[in-house]
Structure formats: C-alpha cells, structure tokens
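Enquirer: My questions will all concern the structure given below.
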Amino acid sequence: RTVYVNGDYLPETEAKVSIFDRGFLMADGVYEVTSVLDGKLIDFDGHAVRLQRSLDELDMKNPISKDDLLEVHRELVRLNGIDEGMIYLQITRGAPADRDFAFPDPETVPCTVVLFTQDKPGLAANPVALKGIKVISIEDIRWGRRDIKTVQLLYPSMGKMMAKAAGADDAWMVQDGFVTEGTSNNAYIVKDGKIITRPKTNDILHGITRAAVLRFAEEAQMTVEERNFTIEEAQDADEAFITSASTFVMPVVEIDGAQIGSGTPGPVAPRLREIYLEESRKVAI
Ligand code: PLP
C-alpha cells in the first residue's frame, strides 16, 4: 500500500513519524475518514470543512490547502486502486524536540500530515445492513468537546470491547440519562414515522453522514426531530439506526438485549440507506 506522509508518497513500510510527535505522545491531533465509492470521494467538502473546524478549535495551523488535500485523496485512491473503501487522514501537532505540555511554536514545529487508504470491497453492499446490528449502552465518560474530531479514542475503543464481550456489535453512550452517540457513529430512533436524533452540541460529533441523511430525509418528506432520547425510549421505538462514513446508514435491531420493533430492519433505515448511497454516488468527486 502507498501512503502519504508530509508531502511524500511512500510504501507503508518506509513511512515514518518521530517518537516525539504529539499525536503519539499526547493524542494531540485530529482526523477524518472519508468513504470511497466507485473510486470517488463521498462528501469530501463536508470532511474538509469539519477538519478545518477541528484544527481551529485546537489552535492548530493547517499545513495543507483544501485543493492539495483533495489531490492527495485522489492520488491515493489511484495509486492503491481503491474502488470501495475509506481514506484516513490525520493531522497532529507535530514533533517538537522534546515532550512538553505547552504547545510548540507552530512556525518552527509544523503539523504532521498522514493519509492512508483502507480497501473495503463490498462496503456499499454490506450484508450486515440486511440484518442490522446489536448495541449495548454504556456510560459516556469522554471529555466535553466531542464535537472536535480528535484522535483521543481510547474510551470509544473500550466501549467497542465491552460490546464485543457482551455479544453485541457496538455501544451507545449515555450521559445524564440520554443517548449521546455510538462509539464511532451517530445514533437515531424512529417512532411513529418520526426520525429522532440528538441535536448538535459539544456533546457529540457533528457527523458528515448525519447532515446528509437528515437533509435527504427532509427532502423525502420524512419528519426529523432533533432532541435527546433515552435507552428506554429507544427500546420502545419502531426502529433504530446509526450513521457514519464507514457504515452509511446501519439498522440497529437490539439494545441491551431488548428487540427493537419486529427485530428486523425497516422500513425507514433501509430506505434511508438506499437514498443515501444513491444520492451520495451522484455527487461524489
Ligand atoms: N460520532 C463519533 C464519535 C464518530 O467517531 C463518528 C465517526 O467517526 C461519527 C459520529 C460519525 O461521523 P461521520 O458521519 O462524519 O463519519
């Protein structure tokens, strides 16, 4: 696989970053995951805008222009022959000469930029979407700026392991009695035809897929209600689902062992998945 590091395209075995990189030592960095369908980028603009916002919120100086970033994404897709898959992009606060809590001077310590591809043939036709996934609930003990897409992912990783240990696929995190989001996705329920999801605050990541799906839902005359919901309400809903760049729209059929609706996906989530894939493909670049 060919990867990108600070301006160079290299075989992955030759790509290196410093042991002093603040991404490595302090999780001081941000990332984006963009999906690829038909060899084209889904929602590149949305990811580029959110990346810039994450960098601004952390006072990091963006070392690469949006146009150059698009070029790197496209070049990696080409070099690695990706038809369906993902591109991972990470920007960290670089490698000062030593470890220090204070940020280094951005003029002398530039950010580190890394991109690589993940080949996922069959991503759009994922058979898991036909039967849905199971989730458990766990307490949300992450920091208070989940709207910034940082590489600080230890608790979501632990949540994923707790889900696996419980025989489930993912965990929905709960704060003050209300669902925030999944470990790496936004969470939704459907009740009486209404799509309900938590509003955008600092408590959740503002998903790029979320924005697109809510827009498509409204264009298809579906009702969207942005409000908090509990696990009990979710267990009593007609449907539940998640969204993210790597799962698109994925039905959830069980929460903490309780079956949702009929225990099989639909009708809303599969329809939204279909619309999302069709519409996103049309405008992919
Ligand atoms: N919420 C969290 C915590 C995430 O990590 C992600 C994606 O990685 C999402 C939501 C979904 O965001 P997007 O649709 O932009 O992939």
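By convention in this document, the chains of the structure tokens carry letters A, B, ... by their order, each chain's residues are numbered from 1, and ligands are numbered from 1 in the order they are shown.
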What are the nearest atom pairs, with distances in Å to one decimal, for all residues of chain A that come at most 9 Å from ligand 1, using only C-alpha atoms and all ligand atoms, set out by chain and rising residue number as a Markdown table?

Expert:
```
| residue | atom | partner | partner_atom_place_in_ligand_line | distance |
| --- | --- | --- | --- | --- |
| A:Tyr31 | CA | ligand 1 | 8 (O) | 8.9 |
| A:Glu32 | CA | ligand 1 | 8 (O) | 7.4 |
| A:Val33 | CA | ligand 1 | 16 (O) | 6.4 |
| A:Thr34 | CA | ligand 1 | 16 (O) | 7.4 |
| A:Ser35 | CA | ligand 1 | 16 (O) | 8.6 |
| A:Gly46 | CA | ligand 1 | 15 (O) | 8.2 |
| A:His47 | CA | ligand 1 | 15 (O) | 7.0 |
| A:Arg50 | CA | ligand 1 | 15 (O) | 8.5 |
| A:Arg146 | CA | ligand 1 | 3 (C) | 7.0 |
| A:Asp147 | CA | ligand 1 | 3 (C) | 8.4 |
| A:Lys149 | CA | ligand 1 | 5 (O) | 7.2 |
| A:Thr150 | CA | ligand 1 | 5 (O) | 8.9 |
| A:Leu153 | CA | ligand 1 | 5 (O) | 8.2 |
| A:Pro156 | CA | ligand 1 | 3 (C) | 7.5 |
| A:Thr180 | CA | ligand 1 | 1 (N) | 8.8 |
| A:Glu181 | CA | ligand 1 | 1 (N) | 6.0 |
| A:Gly182 | CA | ligand 1 | 3 (C) | 6.2 |
| A:Thr183 | CA | ligand 1 | 3 (C) | 5.3 |
| A:Ser184 | CA | ligand 1 | 5 (O) | 3.4 |
| A:Asn185 | CA | ligand 1 | 10 (C) | 3.5 |
| A:Asn186 | CA | ligand 1 | 10 (C) | 4.4 |
| A:Ala187 | CA | ligand 1 | 10 (C) | 8.1 |
| A:Ile204 | CA | ligand 1 | 1 (N) | 6.3 |
| A:Leu205 | CA | ligand 1 | 1 (N) | 4.6 |
| A:His206 | CA | ligand 1 | 12 (O) | 6.4 |
| A:Gly207 | CA | ligand 1 | 12 (O) | 3.5 |
| A:Ile208 | CA | ligand 1 | 15 (O) | 3.7 |
| A:Thr209 | CA | ligand 1 | 14 (O) | 3.6 |
| A:Arg210 | CA | ligand 1 | 14 (O) | 5.5 |
| A:Ala211 | CA | ligand 1 | 14 (O) | 7.8 |
| A:Ala212 | CA | ligand 1 | 14 (O) | 8.6 |
| A:Ile242 | CA | ligand 1 | 11 (C) | 8.5 |
| A:Thr243 | CA | ligand 1 | 14 (O) | 5.8 |
| A:Ser244 | CA | ligand 1 | 14 (O) | 3.5 |
| A:Ala245 | CA | ligand 1 | 16 (O) | 3.7 |
| A:Ser246 | CA | ligand 1 | 16 (O) | 6.5 |
| A:Thr247 | CA | ligand 1 | 16 (O) | 8.2 |
| A:Phe248 | CA | ligand 1 | 14 (O) | 7.5 |
```

Enquirer: Which of segment 30-98 of chain A end up as alpha helix (DSSP H) when DSSP is run on this backbone - answer as a PyMOL selection string?

Expert: chain A and resi 44-57+66-79

Enquirer: Excluding Met158 of chain A and any residue of its chain fewer than 5 positions from it, enumerate the residues within 12 Å of it, using only C-alpha atoms, and give them as a ChimeraX atom specification.

Expert: /A:138-142,152-153,163-165,170-171,173,183-184

Enquirer: Pull N, CA and C atoms from the residues just selected and write them as a short mmCIF file (atom, residue, chain, number, x, y, z; two decimals), in the first residue's frame.

Expert:
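The resulting file, result_18.cif, is shown below:
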```cif
data_model
loop_
_atom_site.label_atom_id
_atom_site.label_comp_id
_atom_site.auth_asym_id
_atom_site.auth_seq_id
_atom_site.Cartn_x
_atom_site.Cartn_y
_atom_site.Cartn_z
N ILE A 138 -23.59 2.09 27.48
CA ILE A 138 -22.54 2.30 28.48
C ILE A 138 -22.55 3.78 28.85
N GLU A 139 -21.98 4.09 29.99
CA GLU A 139 -21.94 5.48 30.41
C GLU A 139 -20.96 6.26 29.52
N ASP A 140 -21.32 7.49 29.17
CA ASP A 140 -20.42 8.31 28.37
C ASP A 140 -19.49 9.08 29.31
N ILE A 141 -18.23 8.64 29.39
CA ILE A 141 -17.29 9.33 30.28
C ILE A 141 -16.19 10.05 29.49
N ARG A 142 -16.48 10.36 28.22
CA ARG A 142 -15.48 11.08 27.41
C ARG A 142 -15.39 12.55 27.83
N GLN A 152 -8.13 11.06 20.18
CA GLN A 152 -8.24 10.56 21.55
C GLN A 152 -9.40 9.55 21.62
N LEU A 153 -9.13 8.30 21.24
CA LEU A 153 -10.22 7.34 21.02
C LEU A 153 -10.18 6.14 21.96
N ALA A 163 -18.81 -3.99 24.20
CA ALA A 163 -19.90 -4.50 23.35
C ALA A 163 -19.58 -5.92 22.89
N LYS A 164 -18.37 -6.12 22.41
CA LYS A 164 -17.97 -7.46 21.94
C LYS A 164 -18.09 -8.49 23.06
N ALA A 165 -17.63 -8.10 24.26
CA ALA A 165 -17.68 -9.02 25.41
C ALA A 165 -19.12 -9.39 25.74
N ASP A 170 -21.80 -2.94 18.98
CA ASP A 170 -21.34 -1.58 19.29
C ASP A 170 -21.99 -1.12 20.59
N ALA A 171 -21.52 0.03 21.09
CA ALA A 171 -22.10 0.58 22.32
C ALA A 171 -22.65 1.98 22.04
N MET A 173 -23.48 5.42 23.95
CA MET A 173 -23.06 6.04 25.20
C MET A 173 -24.17 6.93 25.75
N THR A 183 -20.00 4.50 19.50
CA THR A 183 -18.56 4.67 19.69
C THR A 183 -17.92 5.39 18.51
N SER A 184 -18.47 5.17 17.31
CA SER A 184 -17.90 5.84 16.13
C SER A 184 -19.00 6.15 15.12
#
```

Enquirer: If we count only C-alpha atoms, what is near Glu279 of chain A at a cut-off of 12 Å, once residues fewer than 3 positions away on the same chain are taken out, given as a PDB file with N, CA and C atoms, in the first residue's frame?

Expert:
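File written: selection-v1.pdb
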```
ATOM      1  N   LEU A  37     -16.601   5.413  -2.983  1.00  0.00           N
ATOM      2  CA  LEU A  37     -17.497   4.521  -3.724  1.00  0.00           C
ATOM      3  C   LEU A  37     -17.253   4.767  -5.203  1.00  0.00           C
ATOM      4  N   ILE A  42     -16.815  10.448  -1.207  1.00  0.00           N
ATOM      5  CA  ILE A  42     -18.149  10.819  -0.726  1.00  0.00           C
ATOM      6  C   ILE A  42     -18.001  11.992   0.244  1.00  0.00           C
ATOM      7  N   ASP A  43     -18.696  13.100  -0.068  1.00  0.00           N
ATOM      8  CA  ASP A  43     -18.757  14.245   0.853  1.00  0.00           C
ATOM      9  C   ASP A  43     -17.384  14.822   1.226  1.00  0.00           C
ATOM     10  N   THR A 209     -22.141  12.300   7.719  1.00  0.00           N
ATOM     11  CA  THR A 209     -23.206  11.423   7.217  1.00  0.00           C
ATOM     12  C   THR A 209     -24.540  11.840   7.825  1.00  0.00           C
ATOM     13  N   ALA A 212     -25.987  14.751   5.907  1.00  0.00           N
ATOM     14  CA  ALA A 212     -26.513  14.335   4.600  1.00  0.00           C
ATOM     15  C   ALA A 212     -27.817  13.550   4.760  1.00  0.00           C
ATOM     16  N   VAL A 213     -27.836  12.615   5.707  1.00  0.00           N
ATOM     17  CA  VAL A 213     -29.018  11.765   5.893  1.00  0.00           C
ATOM     18  C   VAL A 213     -30.224  12.605   6.331  1.00  0.00           C
ATOM     19  N   ARG A 215     -30.733  15.715   5.702  1.00  0.00           N
ATOM     20  CA  ARG A 215     -31.151  16.504   4.528  1.00  0.00           C
ATOM     21  C   ARG A 215     -31.978  15.628   3.574  1.00  0.00           C
ATOM     22  N   PHE A 216     -31.479  14.433   3.274  1.00  0.00           N
ATOM     23  CA  PHE A 216     -32.207  13.531   2.366  1.00  0.00           C
ATOM     24  C   PHE A 216     -33.565  13.144   2.958  1.00  0.00           C
ATOM     25  N   ALA A 217     -33.610  12.935   4.274  1.00  0.00           N
ATOM     26  CA  ALA A 217     -34.871  12.559   4.929  1.00  0.00           C
ATOM     27  C   ALA A 217     -35.902  13.667   4.744  1.00  0.00           C
ATOM     28  N   GLU A 219     -35.907  15.979   2.436  1.00  0.00           N
ATOM     29  CA  GLU A 219     -36.260  16.077   1.009  1.00  0.00           C
ATOM     30  C   GLU A 219     -37.274  14.998   0.631  1.00  0.00           C
ATOM     31  N   ALA A 220     -37.231  13.859   1.351  1.00  0.00           N
ATOM     32  CA  ALA A 220     -38.179  12.767   1.075  1.00  0.00           C
ATOM     33  C   ALA A 220     -39.437  12.905   1.936  1.00  0.00           C
ATOM     34  N   PHE A 248     -22.404   4.141   6.585  1.00  0.00           N
ATOM     35  CA  PHE A 248     -23.507   4.841   5.898  1.00  0.00           C
ATOM     36  C   PHE A 248     -24.709   4.877   6.847  1.00  0.00           C
ATOM     37  N   LEU A 272     -33.523   4.892   3.958  1.00  0.00           N
ATOM     38  CA  LEU A 272     -32.556   5.987   4.079  1.00  0.00           C
ATOM     39  C   LEU A 272     -31.178   5.558   3.565  1.00  0.00           C
ATOM     40  N   ARG A 273     -30.814   4.298   3.829  1.00  0.00           N
ATOM     41  CA  ARG A 273     -29.524   3.788   3.352  1.00  0.00           C
ATOM     42  C   ARG A 273     -29.484   3.833   1.817  1.00  0.00           C
ATOM     43  N   GLU A 274     -30.590   3.384   1.225  1.00  0.00           N
ATOM     44  CA  GLU A 274     -30.666   3.359  -0.240  1.00  0.00           C
ATOM     45  C   GLU A 274     -30.572   4.776  -0.816  1.00  0.00           C
ATOM     46  N   ILE A 275     -31.346   5.697  -0.229  1.00  0.00           N
ATOM     47  CA  ILE A 275     -31.332   7.083  -0.712  1.00  0.00           C
ATOM     48  C   ILE A 275     -29.934   7.674  -0.528  1.00  0.00           C
ATOM     49  N   TYR A 276     -29.351   7.428   0.653  1.00  0.00           N
ATOM     50  CA  TYR A 276     -28.027   7.989   0.940  1.00  0.00           C
ATOM     51  C   TYR A 276     -26.995   7.515  -0.088  1.00  0.00           C
ATOM     52  N   LYS A 282     -24.130  10.147  -6.722  1.00  0.00           N
ATOM     53  CA  LYS A 282     -24.360  11.118  -7.800  1.00  0.00           C
ATOM     54  C   LYS A 282     -23.436  12.324  -7.699  1.00  0.00           C
ATOM     55  N   VAL A 283     -23.135  12.721  -6.446  1.00  0.00           N
ATOM     56  CA  VAL A 283     -22.341  13.951  -6.266  1.00  0.00           C
ATOM     57  C   VAL A 283     -20.924  13.672  -5.801  1.00  0.00           C
ATOM     58  N   ALA A 284     -20.516  12.384  -5.801  1.00  0.00           N
ATOM     59  CA  ALA A 284     -19.146  12.040  -5.376  1.00  0.00           C
ATOM     60  C   ALA A 284     -18.149  12.659  -6.353  1.00  0.00           C
TER      61      ALA A 284
END
```

Enquirer: Return the single residue from A:Thr201, A:Arg271, A:Val113, A:Gly266 that is closest to Lys16 of chain A, with distances computed using only C-alpha atoms.

Expert: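 Nearest to Lys16 of chain A: A:Val113.
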
Enquirer: Set out as a Markdown table a contact list for segment 115-175 of chain A and segment 76-79 of chain A with a cut-off of 12 Å, giving each residue of segment 115-175 of chain A that qualifies its closest atom pair and distance in Å to one decimal, counting only C-alpha atoms, ordered by chain and rising residue number.

Expert:
```
| residue | atom | partner | partner_atom | distance |
| --- | --- | --- | --- | --- |
| A:Leu115 | CA | A:Leu76 | CA | 8.3 |
| A:Phe116 | CA | A:Leu76 | CA | 7.2 |
| A:Thr117 | CA | A:Leu76 | CA | 6.8 |
| A:Gln118 | CA | A:Val77 | CA | 9.5 |
| A:Asp119 | CA | A:Val77 | CA | 9.4 |
```

Enquirer: Go ahead and save the residues from that selection, with N, CA and C atoms, as a PDB file, in the first residue's frame.

Expert:
```pdb
ATOM      1  N   LEU A 115      -1.877  10.321   5.534  1.00  0.00           N
ATOM      2  CA  LEU A 115      -3.089   9.746   4.934  1.00  0.00           C
ATOM      3  C   LEU A 115      -2.807   8.325   4.469  1.00  0.00           C
ATOM      4  N   PHE A 116      -3.790   7.455   4.636  1.00  0.00           N
ATOM      5  CA  PHE A 116      -3.676   6.122   4.039  1.00  0.00           C
ATOM      6  C   PHE A 116      -5.061   5.612   3.646  1.00  0.00           C
ATOM      7  N   THR A 117      -5.069   4.627   2.776  1.00  0.00           N
ATOM      8  CA  THR A 117      -6.338   4.081   2.285  1.00  0.00           C
ATOM      9  C   THR A 117      -6.658   2.765   2.987  1.00  0.00           C
ATOM     10  N   GLN A 118      -7.941   2.428   3.019  1.00  0.00           N
ATOM     11  CA  GLN A 118      -8.368   1.114   3.500  1.00  0.00           C
ATOM     12  C   GLN A 118      -9.307   0.547   2.449  1.00  0.00           C
ATOM     13  N   ASP A 119      -8.860  -0.535   1.824  1.00  0.00           N
ATOM     14  CA  ASP A 119      -9.629  -1.164   0.760  1.00  0.00           C
ATOM     15  C   ASP A 119     -10.770  -1.978   1.381  1.00  0.00           C
TER      16      ASP A 119
END
```

Enquirer: Name all residues at most 9 Å from segment 21-25 of chain A (count only C-alpha atoms; drop same-chain ones fewer than 3 positions away) and give them as a PyMOL selection string.

Expert: chain A and resi 17-18+28-30+91-96+99+112+151

Enquirer: DSSP on the backbone, then: every residue of segment 123-220 of chain A marked strand (DSSP E), written as an NGL selection string.

Expert: :A and (133-139 or 170-175 or 178-182 or 186-191 or 194-197)

Enquirer: Keeping only N, CA and C atoms, write the selected residues as a tab-separated table (two decimals), in the first residue's frame.

Expert:
```tsv
chain	number	residue	atom	x	y	z
A	133	ILE	N	-27.57	-4.49	13.43
A	133	ILE	CA	-26.59	-4.76	14.49
A	133	ILE	C	-27.24	-4.65	15.88
A	134	LYS	N	-26.50	-5.19	16.86
A	134	LYS	CA	-26.94	-5.13	18.26
A	134	LYS	C	-26.05	-4.15	19.01
A	135	VAL	N	-26.65	-3.34	19.88
A	135	VAL	CA	-25.84	-2.44	20.69
A	135	VAL	C	-26.14	-2.63	22.18
A	136	ILE	N	-25.16	-2.25	23.00
A	136	ILE	CA	-25.38	-2.19	24.44
A	136	ILE	C	-25.25	-0.71	24.83
A	137	SER	N	-25.68	-0.36	26.03
A	137	SER	CA	-25.49	1.02	26.48
A	137	SER	C	-24.37	1.05	27.52
A	138	ILE	N	-23.59	2.09	27.48
A	138	ILE	CA	-22.54	2.30	28.48
A	138	ILE	C	-22.55	3.78	28.85
A	139	GLU	N	-21.98	4.09	29.99
A	139	GLU	CA	-21.94	5.48	30.41
A	139	GLU	C	-20.96	6.26	29.52
A	170	ASP	N	-21.80	-2.94	18.98
A	170	ASP	CA	-21.34	-1.58	19.29
A	170	ASP	C	-21.99	-1.12	20.59
A	171	ALA	N	-21.52	0.03	21.09
A	171	ALA	CA	-22.10	0.58	22.32
A	171	ALA	C	-22.65	1.98	22.04
A	172	TRP	N	-23.81	2.26	22.61
A	172	TRP	CA	-24.36	3.62	22.62
A	172	TRP	C	-24.02	4.22	23.97
A	173	MET	N	-23.48	5.42	23.95
A	173	MET	CA	-23.06	6.04	25.20
A	173	MET	C	-24.17	6.93	25.75
A	174	VAL	N	-24.28	6.95	27.07
A	174	VAL	CA	-25.38	7.64	27.74
A	174	VAL	C	-24.84	8.64	28.74
A	175	GLN	N	-25.34	9.87	28.64
A	175	GLN	CA	-24.93	10.93	29.56
A	175	GLN	C	-26.18	11.55	30.19
A	178	PHE	N	-29.45	10.32	28.83
A	178	PHE	CA	-29.77	10.42	27.41
A	178	PHE	C	-28.63	9.90	26.52
A	179	VAL	N	-29.00	9.26	25.43
A	179	VAL	CA	-28.02	8.71	24.49
A	179	VAL	C	-27.27	9.88	23.82
A	180	THR	N	-25.94	9.79	23.84
A	180	THR	CA	-25.18	10.80	23.10
A	180	THR	C	-24.96	10.30	21.67
A	181	GLU	N	-24.15	9.23	21.54
A	181	GLU	CA	-23.89	8.66	20.20
A	181	GLU	C	-23.25	7.29	20.36
A	182	GLY	N	-22.98	6.62	19.24
A	182	GLY	CA	-22.28	5.34	19.27
A	182	GLY	C	-20.79	5.58	19.39
A	186	ASN	N	-23.26	8.27	14.80
A	186	ASN	CA	-24.39	8.98	15.41
A	186	ASN	C	-25.57	8.02	15.55
A	187	ALA	N	-26.41	8.28	16.57
A	187	ALA	CA	-27.49	7.36	16.93
A	187	ALA	C	-28.87	7.98	16.67
A	188	TYR	N	-29.80	7.14	16.22
A	188	TYR	CA	-31.15	7.59	15.85
A	188	TYR	C	-32.18	6.56	16.28
A	189	ILE	N	-33.41	7.04	16.52
A	189	ILE	CA	-34.55	6.13	16.65
A	189	ILE	C	-35.65	6.63	15.72
A	190	VAL	N	-36.58	5.75	15.41
A	190	VAL	CA	-37.74	6.12	14.59
A	190	VAL	C	-38.98	5.74	15.38
A	191	LYS	N	-39.88	6.71	15.59
A	191	LYS	CA	-41.13	6.42	16.32
A	191	LYS	C	-42.28	7.09	15.58
A	194	LYS	N	-41.41	9.30	12.77
A	194	LYS	CA	-40.51	10.43	13.04
A	194	LYS	C	-39.09	9.95	13.29
A	195	ILE	N	-38.11	10.62	12.67
A	195	ILE	CA	-36.71	10.28	12.89
A	195	ILE	C	-36.19	11.18	14.01
A	196	ILE	N	-35.74	10.57	15.10
A	196	ILE	CA	-35.32	11.34	16.28
A	196	ILE	C	-33.82	11.15	16.51
A	197	THR	N	-33.09	12.26	16.65
A	197	THR	CA	-31.65	12.19	16.92
A	197	THR	C	-31.23	13.37	17.77
```
